[in-house]
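Novice: Provided herewith is a single structure, encoded as structure tokens, for subsequent inquiry.
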Amino acid sequence: MKPLIGISCCVKPFGIFATPNHAASDSYIRVVLGPVDGIPVLLPAAGEALVPEILPRLDGLILTGSRSNVCPDYYEGPPHAEGTPEDKARDATTLPLIRAAIAAGLPLLAICRGFQELNVALGGSLDQRVQDLPGRIDHSTPSDQRFARVRVAKAHNVRLLPGSFLAELGGATDIPVNSLHNQGIARIAPRLTAEGWAPDGTIEAVRVKDASGFAYGIQWHPEYDWETDALSRALFERFGAAATAWAARRSMPQAAE
């Protein structure tokens, strides 16, 4: 039986009346149906009450990227600059969902905004505009994502910790990645360990060091290029294998009955 993979949704206006919709990019659906080899389950940004109801039914969790930024109230940061998109409904859902998923040992893969949520959920803080900080590169460029080649273009390299999961998976300690974010980790959460860095020192990959299962976060977007990038595909395949193993264990008590 294929694993059920939860995919975090954002609340976005839709149509001429700007009706709130719960949505996730098609790229996450395709990657779950592809190398993850699972069944995608869209998780609405419905608040903390959703967590205990849905978590026991999932076999894996993908925390998606988004144009919105984590509300600074959650990490005691300064208010966002005017016009910065936020999604408080998503924050209210994903932050407790992350903590519960890690406590349960559920396989978890956090991408871009999800990477930032993972850090905040476990007690870390964020830099709101990395490109404005002295000595840092512009991680948000190119910002125009209408063209597929822009989304998959390699913007900079990431130096990986030797012996880390990603270094072993890719067979290298220096890998090229795309880059489409403004926020980044400022103070890393106590339960996270950094395993990848951009040339300017920005943390790009983390592991939940006390997790009982697969629990990793990355700042870039492997869901855009898994069809052409071997490391991106391998990452999703390993996540899928962890979710499949979780699904097999979850079904065992039911089979015994």
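Going by the structure tokens order, chains are called A, B, ..., each with residues numbered from 1, while ligands are numbered from 1 in the order shown.
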Which of segment 11-144 of chain A end up as helix (DSSP H, G or I) when DSSP is run on this backbone - answer as a ChimeraX atom specification?
Specialist: /A:26-33,50-57,72-75,88-104,113-121,130-132
Novice: Keeping N, CA and C atoms for every residue in the selection just given, could you write it to a file as a compact mmCIF listing (two decimals), in the first residue's frame?
Specialist:
```txt
# COMPACT_ATOMS: atom_id res chain seq x y z
N ASP A 26 1.40 22.41 -7.84
CA ASP A 26 1.33 21.13 -8.52
C ASP A 26 2.66 20.39 -8.48
N SER A 27 3.77 21.11 -8.33
CA SER A 27 5.07 20.45 -8.30
C SER A 27 5.19 19.47 -7.14
N TYR A 28 4.53 19.76 -6.03
CA TYR A 28 4.56 18.85 -4.89
C TYR A 28 3.68 17.62 -5.14
N ILE A 29 2.59 17.82 -5.82
CA ILE A 29 1.72 16.69 -6.16
C ILE A 29 2.48 15.73 -7.07
N ARG A 30 3.15 16.30 -8.07
CA ARG A 30 3.85 15.46 -9.05
C ARG A 30 5.03 14.73 -8.43
N VAL A 31 5.72 15.36 -7.49
CA VAL A 31 6.87 14.69 -6.89
C VAL A 31 6.42 13.56 -5.96
N VAL A 32 5.26 13.72 -5.31
CA VAL A 32 4.74 12.64 -4.47
C VAL A 32 4.29 11.47 -5.34
N LEU A 33 3.63 11.77 -6.45
CA LEU A 33 3.21 10.71 -7.36
C LEU A 33 4.40 10.09 -8.09
N LEU A 50 -6.56 20.63 13.64
CA LEU A 50 -6.41 19.63 12.59
C LEU A 50 -5.36 18.58 12.95
N VAL A 51 -4.37 18.98 13.73
CA VAL A 51 -3.18 18.15 13.94
C VAL A 51 -3.48 16.78 14.51
N PRO A 52 -4.15 16.67 15.67
CA PRO A 52 -4.36 15.32 16.22
C PRO A 52 -5.32 14.47 15.41
N GLU A 53 -6.11 15.10 14.56
CA GLU A 53 -7.06 14.34 13.74
C GLU A 53 -6.39 13.75 12.50
N ILE A 54 -5.48 14.49 11.90
CA ILE A 54 -4.89 14.05 10.63
C ILE A 54 -3.57 13.31 10.80
N LEU A 55 -2.79 13.66 11.80
CA LEU A 55 -1.43 13.12 11.91
C LEU A 55 -1.40 11.58 11.97
N PRO A 56 -2.27 10.94 12.75
CA PRO A 56 -2.20 9.47 12.82
C PRO A 56 -2.54 8.78 11.49
N ARG A 57 -3.08 9.49 10.54
CA ARG A 57 -3.48 8.90 9.26
C ARG A 57 -2.41 9.10 8.18
N PRO A 72 6.54 37.07 12.20
CA PRO A 72 7.61 37.25 13.19
C PRO A 72 7.14 37.15 14.64
N ASP A 73 5.83 37.20 14.89
CA ASP A 73 5.34 37.03 16.25
C ASP A 73 5.78 35.70 16.83
N TYR A 74 5.99 34.70 15.98
CA TYR A 74 6.32 33.36 16.45
C TYR A 74 7.78 33.23 16.87
N TYR A 75 8.63 34.18 16.49
CA TYR A 75 10.03 34.10 16.92
C TYR A 75 10.51 35.42 17.52
N LYS A 88 -0.98 33.67 8.31
CA LYS A 88 -1.09 33.29 9.71
C LYS A 88 -1.88 32.01 9.90
N ALA A 89 -2.80 31.72 8.99
CA ALA A 89 -3.55 30.47 9.07
C ALA A 89 -2.62 29.28 8.85
N ARG A 90 -1.71 29.43 7.90
CA ARG A 90 -0.73 28.36 7.68
C ARG A 90 0.18 28.21 8.89
N ASP A 91 0.71 29.33 9.41
CA ASP A 91 1.58 29.27 10.58
C ASP A 91 0.90 28.53 11.73
N ALA A 92 -0.38 28.85 11.97
CA ALA A 92 -1.11 28.26 13.09
C ALA A 92 -1.33 26.77 12.91
N THR A 93 -1.18 26.29 11.68
CA THR A 93 -1.34 24.87 11.39
C THR A 93 -0.01 24.15 11.38
N THR A 94 0.94 24.68 10.62
CA THR A 94 2.19 23.94 10.39
C THR A 94 3.10 23.90 11.61
N LEU A 95 3.15 24.96 12.40
CA LEU A 95 4.09 24.96 13.53
C LEU A 95 3.74 23.86 14.54
N PRO A 96 2.49 23.75 14.99
CA PRO A 96 2.17 22.61 15.87
C PRO A 96 2.24 21.26 15.16
N LEU A 97 1.96 21.25 13.87
CA LEU A 97 2.03 20.00 13.10
C LEU A 97 3.47 19.49 13.06
N ILE A 98 4.43 20.38 12.87
CA ILE A 98 5.84 20.00 12.86
C ILE A 98 6.24 19.37 14.18
N ARG A 99 5.88 20.03 15.28
CA ARG A 99 6.27 19.51 16.60
C ARG A 99 5.66 18.13 16.85
N ALA A 100 4.40 17.98 16.47
CA ALA A 100 3.72 16.70 16.68
C ALA A 100 4.30 15.61 15.78
N ALA A 101 4.63 15.95 14.54
CA ALA A 101 5.19 14.97 13.61
C ALA A 101 6.54 14.47 14.10
N ILE A 102 7.38 15.37 14.58
CA ILE A 102 8.69 14.97 15.08
C ILE A 102 8.55 14.13 16.34
N ALA A 103 7.63 14.50 17.21
CA ALA A 103 7.41 13.72 18.43
C ALA A 103 6.95 12.30 18.10
N ALA A 104 6.16 12.17 17.03
CA ALA A 104 5.66 10.85 16.64
C ALA A 104 6.68 10.05 15.85
N ARG A 113 10.06 27.63 2.65
CA ARG A 113 9.29 28.16 3.78
C ARG A 113 9.14 27.09 4.85
N GLY A 114 8.94 25.86 4.42
CA GLY A 114 8.85 24.76 5.38
C GLY A 114 10.11 24.61 6.20
N PHE A 115 11.27 24.85 5.59
CA PHE A 115 12.57 24.83 6.27
C PHE A 115 12.59 25.90 7.36
N GLN A 116 12.09 27.08 7.03
CA GLN A 116 12.03 28.18 7.99
C GLN A 116 11.02 27.88 9.09
N GLU A 117 9.89 27.28 8.74
CA GLU A 117 8.89 26.88 9.74
C GLU A 117 9.48 25.86 10.71
N LEU A 118 10.25 24.92 10.18
CA LEU A 118 10.87 23.91 11.04
C LEU A 118 11.75 24.57 12.09
N ASN A 119 12.54 25.55 11.69
CA ASN A 119 13.41 26.24 12.62
C ASN A 119 12.61 27.01 13.67
N VAL A 120 11.57 27.71 13.23
CA VAL A 120 10.75 28.49 14.16
C VAL A 120 9.97 27.57 15.10
N ALA A 121 9.41 26.49 14.58
CA ALA A 121 8.62 25.56 15.39
C ALA A 121 9.44 24.99 16.54
N VAL A 130 17.49 38.31 3.84
CA VAL A 130 18.90 37.95 3.85
C VAL A 130 19.71 38.87 2.94
N GLN A 131 19.11 39.26 1.80
CA GLN A 131 19.84 40.06 0.82
C GLN A 131 20.20 41.46 1.33
N ASP A 132 19.56 41.89 2.43
CA ASP A 132 19.86 43.21 2.98
C ASP A 132 20.97 43.19 4.04
```
Novice: If you run DSSP on this backbone, which residues of segment 77-183 of chain A come out as strand (DSSP E or B), and could you give them as a count of residues only?
Specialist: 16
Novice: Quick one: pull the distance between atom CA of Trp246 of chain A and atom CA of Pro40 of chain A, Å, one decimal.
Specialist: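 Going from atom CA of Trp246 of chain A over to atom CA of Pro40 of chain A, I get 15.4 Å.
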Novice: Could you tell me how far atom CA of Val206 of chain A lies from atom CA of Pro190 of chain A, in Å and to one decimal?
Specialist: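 Pair atom CA of Val206 of chain A / atom CA of Pro190 of chain A returns 11.4 Å.
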Novice: Got a sec: who's within 10 Å of Gly201 of chain A, counting only C-alpha atoms, leaving out chain neighbours fewer than 4 positions off, as a PDB file with N, CA and C atoms, in the first residue's frame?
Specialist:
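Contents of out-v3.pdb, freshly written:
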```
ATOM      1  N   GLY A 135      27.456  41.505   3.712  1.00  0.00           N
ATOM      2  CA  GLY A 135      28.230  40.343   3.345  1.00  0.00           C
ATOM      3  C   GLY A 135      27.438  39.160   2.831  1.00  0.00           C
ATOM      4  N   ARG A 136      26.131  39.333   2.647  1.00  0.00           N
ATOM      5  CA  ARG A 136      25.310  38.221   2.199  1.00  0.00           C
ATOM      6  C   ARG A 136      24.927  38.404   0.733  1.00  0.00           C
ATOM      7  N   ILE A 137      24.693  37.301   0.048  1.00  0.00           N
ATOM      8  CA  ILE A 137      24.290  37.355  -1.356  1.00  0.00           C
ATOM      9  C   ILE A 137      22.773  37.445  -1.458  1.00  0.00           C
ATOM     10  N   VAL A 158      26.178  24.828  -2.372  1.00  0.00           N
ATOM     11  CA  VAL A 158      26.012  24.576  -0.944  1.00  0.00           C
ATOM     12  C   VAL A 158      27.122  23.634  -0.493  1.00  0.00           C
ATOM     13  N   ARG A 159      27.827  24.033   0.556  1.00  0.00           N
ATOM     14  CA  ARG A 159      28.873  23.190   1.146  1.00  0.00           C
ATOM     15  C   ARG A 159      28.226  22.286   2.180  1.00  0.00           C
ATOM     16  N   GLY A 196      24.485  22.097   5.917  1.00  0.00           N
ATOM     17  CA  GLY A 196      24.783  22.675   4.620  1.00  0.00           C
ATOM     18  C   GLY A 196      24.769  24.196   4.696  1.00  0.00           C
ATOM     19  N   TRP A 197      25.705  24.845   3.973  1.00  0.00           N
ATOM     20  CA  TRP A 197      25.832  26.297   4.032  1.00  0.00           C
ATOM     21  C   TRP A 197      26.065  26.876   2.635  1.00  0.00           C
TER      22      TRP A 197
END
```
Novice: Could you check the closest approach to Arg191 of chain A for each of A:Gly217, A:Pro176, A:Gly124, A:Gly163 and tell me which residue wins, using only C-alpha atoms?
Specialist: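 Nearest to Arg191 of chain A: A:Gly124.
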Novice: Compare A:Ala234, A:Ile218, A:Ala245, A:Ile39 by their minimum atom-to-atom distance to His181 of chain A, counting only C-alpha atoms, and give me the closest one.
Specialist: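 Of all the options, A:Ile218 lies closest to His181 of chain A.
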Novice: Rounded to one decimal in Å, what is the spacing between atom CA of Ala186 of chain A and atom CA of Asp127 of chain A?
Specialist: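 Computed distance, atom CA of Ala186 of chain A to atom CA of Asp127 of chain A, equals 5.1 Å.
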Novice: Give me the residues within 8 Å of Gly105 of chain A as a VMD selection string, counting only C-alpha atoms and dropping any in the same chain fewer than 6 places off.
Specialist: chain A and resid 211 to 214
